[in-house]
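Asker: Dropping the structure in here first, questions after.
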Amino acid sequence: MAPNAPHGKEESDNNDETGYCWWKLPVGVRSFNAETYPGWDESVATVVSALEEKGPPIDLIVAHSQGAILASALIATGDTLPYHPRLGYILNGGAWPNPYTDALDKLDFDTGDTSSLLPRFLVIPGEKDTINPPSTQKAVQEALANAGGTVVCLTHSGGHGLPTRNGDAVDQIVDWIAAGL
């Protein structure tokens with residue numbers, strides 16, 4: 001399952017590219033410093049619909065850029081995802097979900113229910129990411145760990161994309177997934 005974000009990039013004032021985005025930002029505003037995410041409700045509805053259509057269990061959620069930010073915010077708010085995927089979350093090229101700072105700062109996975117496993121996260125920042133600063137990805141990583149999640153960080157020497165041409169990074173991603181089986 002790979003739902004498309006509900007907003008066309010051409011609808012956004014932030015760029016002239018084609019494709020999809022999870023929210024539309026004004027020129028000069030980035031997801032990590034935005035006060036709101038215009039189009040958020042439609043994005044949440046898209047994710048909820050996709051999860052309902054697929055149905056449980058979802059084994060792994062892989063999210064990139066705005067998708068990783070969206071996943072972080074949905075995890076923080078706790079009102080959309082009915083359960084954590086068994087293998088966890090891979091958050092690549094994400095950033096701090098600024099409008100959801102309070103929720104992420106207060107996040108706590110310890111519900112006292114010892115029968116449920118704490119969620120796993122693989123956070124993947126690129127050292128040369130010029131879209132979402134690695135420092136904001138590190139902040140997400142720390143918040144998830146402070147909340148009690150099992151977090152592994154895989155920093156690679158590249159930029160914003162998933163490091164598919166970096167054999168060592170790919171091996172580490174595969175090993176992280178396999179460790180959850």
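We label chains A, B, ... in the order they appear in the structure tokens, count residues from 1 in each chain, and number ligands from 1 in the order shown.
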I need the residues in region 16-147 of chain A that are alpha helix (DSSP H) according to DSSP; give them as a PyMOL selection string.

Answerer: chain A and resi 40-54+66-77+101-106+134-146

Asker: Would you kindly return, as number ranges by chain, each protein, DNA or RNA residue with an atom no farther than 12 Å from any atom of Asp110 (chain A), considering only C-alpha atoms and excluding same-chain residues fewer than 6 positions away?

Answerer: A: 116-119, 144-150

Asker: Please produce a file of those selected residues containing all heavy atoms, as a PDB file, in the first residue's frame.

Answerer:
```
ATOM      1  N   SER A 116       1.881  -5.175  25.171  1.00  0.00           N
ATOM      2  CA  SER A 116       2.145  -4.557  23.877  1.00  0.00           C
ATOM      3  C   SER A 116       3.612  -4.147  23.781  1.00  0.00           C
ATOM      4  O   SER A 116       4.208  -3.699  24.752  1.00  0.00           O
ATOM      5  CB  SER A 116       1.245  -3.349  23.648  1.00  0.00           C
ATOM      6  OG  SER A 116       1.522  -2.354  24.609  1.00  0.00           O
ATOM      7  N   LEU A 117       4.161  -4.343  22.605  1.00  0.00           N
ATOM      8  CA  LEU A 117       5.550  -3.986  22.379  1.00  0.00           C
ATOM      9  C   LEU A 117       5.667  -2.498  22.091  1.00  0.00           C
ATOM     10  O   LEU A 117       4.785  -1.901  21.468  1.00  0.00           O
ATOM     11  CB  LEU A 117       6.107  -4.778  21.200  1.00  0.00           C
ATOM     12  CG  LEU A 117       6.162  -6.290  21.383  1.00  0.00           C
ATOM     13  CD1 LEU A 117       6.606  -6.948  20.085  1.00  0.00           C
ATOM     14  CD2 LEU A 117       7.107  -6.654  22.513  1.00  0.00           C
ATOM     15  N   LEU A 118       6.761  -1.923  22.508  1.00  0.00           N
ATOM     16  CA  LEU A 118       7.020  -0.523  22.195  1.00  0.00           C
ATOM     17  C   LEU A 118       7.377  -0.415  20.717  1.00  0.00           C
ATOM     18  O   LEU A 118       8.011  -1.312  20.152  1.00  0.00           O
ATOM     19  CB  LEU A 118       8.144   0.011  23.069  1.00  0.00           C
ATOM     20  CG  LEU A 118       7.813   0.073  24.564  1.00  0.00           C
ATOM     21  CD1 LEU A 118       9.051   0.453  25.362  1.00  0.00           C
ATOM     22  CD2 LEU A 118       6.686   1.045  24.832  1.00  0.00           C
ATOM     23  N   PRO A 119       6.983   0.673  20.090  1.00  0.00           N
ATOM     24  CA  PRO A 119       7.244   0.797  18.653  1.00  0.00           C
ATOM     25  C   PRO A 119       8.733   0.938  18.336  1.00  0.00           C
ATOM     26  O   PRO A 119       9.498   1.489  19.120  1.00  0.00           O
ATOM     27  CB  PRO A 119       6.474   2.051  18.256  1.00  0.00           C
ATOM     28  CG  PRO A 119       6.318   2.817  19.512  1.00  0.00           C
ATOM     29  CD  PRO A 119       6.265   1.816  20.621  1.00  0.00           C
ATOM     30  N   LEU A 144      11.283  10.476  20.017  1.00  0.00           N
ATOM     31  CA  LEU A 144      10.741   9.117  19.965  1.00  0.00           C
ATOM     32  C   LEU A 144      11.429   8.221  20.990  1.00  0.00           C
ATOM     33  O   LEU A 144      10.781   7.394  21.643  1.00  0.00           O
ATOM     34  CB  LEU A 144      10.885   8.544  18.556  1.00  0.00           C
ATOM     35  CG  LEU A 144      10.072   9.251  17.466  1.00  0.00           C
ATOM     36  CD1 LEU A 144      10.474   8.747  16.085  1.00  0.00           C
ATOM     37  CD2 LEU A 144       8.582   9.089  17.700  1.00  0.00           C
ATOM     38  N   ALA A 145      12.736   8.378  21.156  1.00  0.00           N
ATOM     39  CA  ALA A 145      13.472   7.603  22.154  1.00  0.00           C
ATOM     40  C   ALA A 145      13.054   8.012  23.562  1.00  0.00           C
ATOM     41  O   ALA A 145      12.836   7.148  24.427  1.00  0.00           O
ATOM     42  CB  ALA A 145      14.980   7.785  21.964  1.00  0.00           C
ATOM     43  N   ASN A 146      12.920   9.310  23.809  1.00  0.00           N
ATOM     44  CA  ASN A 146      12.497   9.788  25.123  1.00  0.00           C
ATOM     45  C   ASN A 146      11.095   9.300  25.477  1.00  0.00           C
ATOM     46  O   ASN A 146      10.757   9.141  26.651  1.00  0.00           O
ATOM     47  CB  ASN A 146      12.541  11.314  25.197  1.00  0.00           C
ATOM     48  CG  ASN A 146      13.956  11.851  25.212  1.00  0.00           C
ATOM     49  OD1 ASN A 146      14.905  11.135  25.541  1.00  0.00           O
ATOM     50  ND2 ASN A 146      14.116  13.113  24.846  1.00  0.00           N
ATOM     51  N   ALA A 147      10.264   9.061  24.457  1.00  0.00           N
ATOM     52  CA  ALA A 147       8.909   8.559  24.675  1.00  0.00           C
ATOM     53  C   ALA A 147       8.897   7.064  24.972  1.00  0.00           C
ATOM     54  O   ALA A 147       7.860   6.510  25.331  1.00  0.00           O
ATOM     55  CB  ALA A 147       8.035   8.855  23.461  1.00  0.00           C
ATOM     56  N   GLY A 148      10.041   6.413  24.814  1.00  0.00           N
ATOM     57  CA  GLY A 148      10.135   4.982  25.100  1.00  0.00           C
ATOM     58  C   GLY A 148      10.209   4.102  23.877  1.00  0.00           C
ATOM     59  O   GLY A 148      10.237   2.878  23.994  1.00  0.00           O
ATOM     60  N   GLY A 149      10.244   4.698  22.692  1.00  0.00           N
ATOM     61  CA  GLY A 149      10.368   3.908  21.476  1.00  0.00           C
ATOM     62  C   GLY A 149      11.769   3.351  21.333  1.00  0.00           C
ATOM     63  O   GLY A 149      12.729   3.873  21.903  1.00  0.00           O
ATOM     64  N   THR A 150      11.887   2.276  20.590  1.00  0.00           N
ATOM     65  CA  THR A 150      13.190   1.707  20.261  1.00  0.00           C
ATOM     66  C   THR A 150      13.630   2.372  18.966  1.00  0.00           C
ATOM     67  O   THR A 150      13.014   2.164  17.921  1.00  0.00           O
ATOM     68  CB  THR A 150      13.079   0.185  20.080  1.00  0.00           C
ATOM     69  OG1 THR A 150      12.547  -0.372  21.277  1.00  0.00           O
ATOM     70  CG2 THR A 150      14.424  -0.423  19.764  1.00  0.00           C
TER      71      THR A 150
END
```

Asker: Among region 19-139 of chain A, which ones does DSSP assign to strand (DSSP E) (computed from the backbone)? Answer as a list in words.

Answerer: Tyr20, Cys21, Leu60, Ile61, Val62, Ala63, His64, Gly88, Tyr89, Ile90, Leu91, Asn92, Arg120, Phe121, Leu122, Val123 and Ile124 of chain A

Asker: For the residues in the current selection, export N, CA, C and O atoms as a tab-separated table (two decimals), in the first residue's frame.

Answerer:
```
chain	number	residue	atom	x	y	z
A	20	TYR	N	2.96	15.15	-5.80
A	20	TYR	CA	2.02	15.28	-4.70
A	20	TYR	C	2.71	15.76	-3.44
A	20	TYR	O	3.91	15.57	-3.25
A	21	CYS	N	1.93	16.37	-2.56
A	21	CYS	CA	2.44	16.80	-1.26
A	21	CYS	C	1.33	16.56	-0.22
A	21	CYS	O	0.15	16.48	-0.56
A	60	LEU	N	4.87	-2.71	8.37
A	60	LEU	CA	5.94	-1.71	8.31
A	60	LEU	C	5.41	-0.46	7.62
A	60	LEU	O	4.72	-0.56	6.61
A	61	ILE	N	5.73	0.68	8.18
A	61	ILE	CA	5.41	1.95	7.53
A	61	ILE	C	6.73	2.60	7.14
A	61	ILE	O	7.60	2.81	7.99
A	62	VAL	N	6.88	2.88	5.85
A	62	VAL	CA	8.05	3.57	5.33
A	62	VAL	C	7.58	4.93	4.85
A	62	VAL	O	6.66	5.02	4.04
A	63	ALA	N	8.22	5.98	5.36
A	63	ALA	CA	7.78	7.33	5.02
A	63	ALA	C	8.99	8.20	4.69
A	63	ALA	O	10.04	8.09	5.33
A	64	HIS	N	8.81	9.06	3.69
A	64	HIS	CA	9.90	9.92	3.23
A	64	HIS	C	9.47	11.38	3.25
A	64	HIS	O	8.35	11.71	2.86
A	88	GLY	N	7.68	-1.83	12.65
A	88	GLY	CA	8.02	-0.46	13.01
A	88	GLY	C	7.87	0.52	11.87
A	88	GLY	O	7.12	0.30	10.90
A	89	TYR	N	8.60	1.61	12.01
A	89	TYR	CA	8.54	2.74	11.09
A	89	TYR	C	9.94	3.05	10.56
A	89	TYR	O	10.90	3.09	11.34
A	90	ILE	N	10.04	3.29	9.28
A	90	ILE	CA	11.26	3.84	8.70
A	90	ILE	C	10.93	5.27	8.30
A	90	ILE	O	10.05	5.51	7.48
A	91	LEU	N	11.61	6.21	8.93
A	91	LEU	CA	11.39	7.64	8.68
A	91	LEU	C	12.62	8.20	8.00
A	91	LEU	O	13.65	8.43	8.63
A	92	ASN	N	12.53	8.41	6.70
A	92	ASN	CA	13.66	8.88	5.90
A	92	ASN	C	13.48	10.34	5.51
A	92	ASN	O	12.42	10.74	5.01
A	120	ARG	N	9.10	0.44	17.15
A	120	ARG	CA	10.47	0.52	16.64
A	120	ARG	C	10.52	1.59	15.56
A	120	ARG	O	9.58	1.73	14.78
A	121	PHE	N	11.66	2.28	15.51
A	121	PHE	CA	11.87	3.33	14.52
A	121	PHE	C	13.27	3.23	13.95
A	121	PHE	O	14.24	3.03	14.68
A	122	LEU	N	13.35	3.39	12.64
A	122	LEU	CA	14.64	3.58	11.97
A	122	LEU	C	14.56	4.97	11.36
A	122	LEU	O	13.76	5.22	10.46
A	123	VAL	N	15.35	5.89	11.90
A	123	VAL	CA	15.37	7.27	11.43
A	123	VAL	C	16.59	7.42	10.53
A	123	VAL	O	17.71	7.08	10.93
A	124	ILE	N	16.36	7.91	9.30
A	124	ILE	CA	17.45	7.97	8.32
A	124	ILE	C	17.65	9.40	7.82
A	124	ILE	O	16.97	9.86	6.90
```

Asker: Got a sec: who's within 12 Å of Asn33 (chain A), counting only C-alpha atoms, leaving out chain neighbours fewer than 6 positions off, as a list of chain:residue names?

Answerer: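 Close residues of Asn33 (chain A): A:Leu25, A:Pro26, A:Ile69, A:Ala95, A:Trp96, A:Pro97, A:Asn98, A:Pro99, A:Tyr100, A:Thr101, A:Asn132, A:Pro133, A:Thr136.
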
Asker: In Å, with one decimal, what is the gap from CA of Ala76 (chain A) to CA of Cys153 (chain A)?

Answerer: 18.6 Å

Asker: Pick out the closest residue to Ala179 (chain A) from this set: A:Ala50, A:Thr164, A:Arg86, A:Arg30. Count only C-alpha atoms.

Answerer: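 Closest residue, counting only C-alpha atoms: A:Arg86.
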
Asker: When you look at Gly180 (chain A) with a cut-off of 6 Å (counting only C-alpha atoms), what residues show up, excluding the ones that are within fewer than 2 positions of it in the same chain? I need them as a list in words.

Answerer: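 Listing them by chain and then by number gives Leu87, Ile177 and Ala178 of chain A.
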
Asker: Between CA of Val151 (chain A) and CA of Thr77 (chain A), measure the distance and give it in Å to one decimal.

Answerer: 18.5 Å

Asker: Please list as a list in words every residue within 9 Å of Gly78 (chain A), counting only C-alpha atoms and excluding residues in the same chain fewer than 5 positions away.

Answerer: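 In the requested form, the answer reads Ala73, Ala103 and Leu107 of chain A.
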
Asker: Write the selection just made, keeping N, CA, C and O atoms, as a tab-separated table (two decimals), in the first residue's frame?

Answerer:
```tsv
chain	number	residue	atom	x	y	z
A	73	ALA	N	3.99	13.23	13.21
A	73	ALA	CA	2.88	13.99	13.80
A	73	ALA	C	1.71	13.07	14.16
A	73	ALA	O	1.10	13.22	15.22
A	103	ALA	N	2.63	17.94	21.17
A	103	ALA	CA	2.27	16.52	21.19
A	103	ALA	C	3.51	15.64	21.15
A	103	ALA	O	3.58	14.64	21.88
A	107	LEU	N	4.85	13.05	24.13
A	107	LEU	CA	4.61	11.66	23.72
A	107	LEU	C	5.21	10.69	24.74
A	107	LEU	O	6.33	10.88	25.21
```
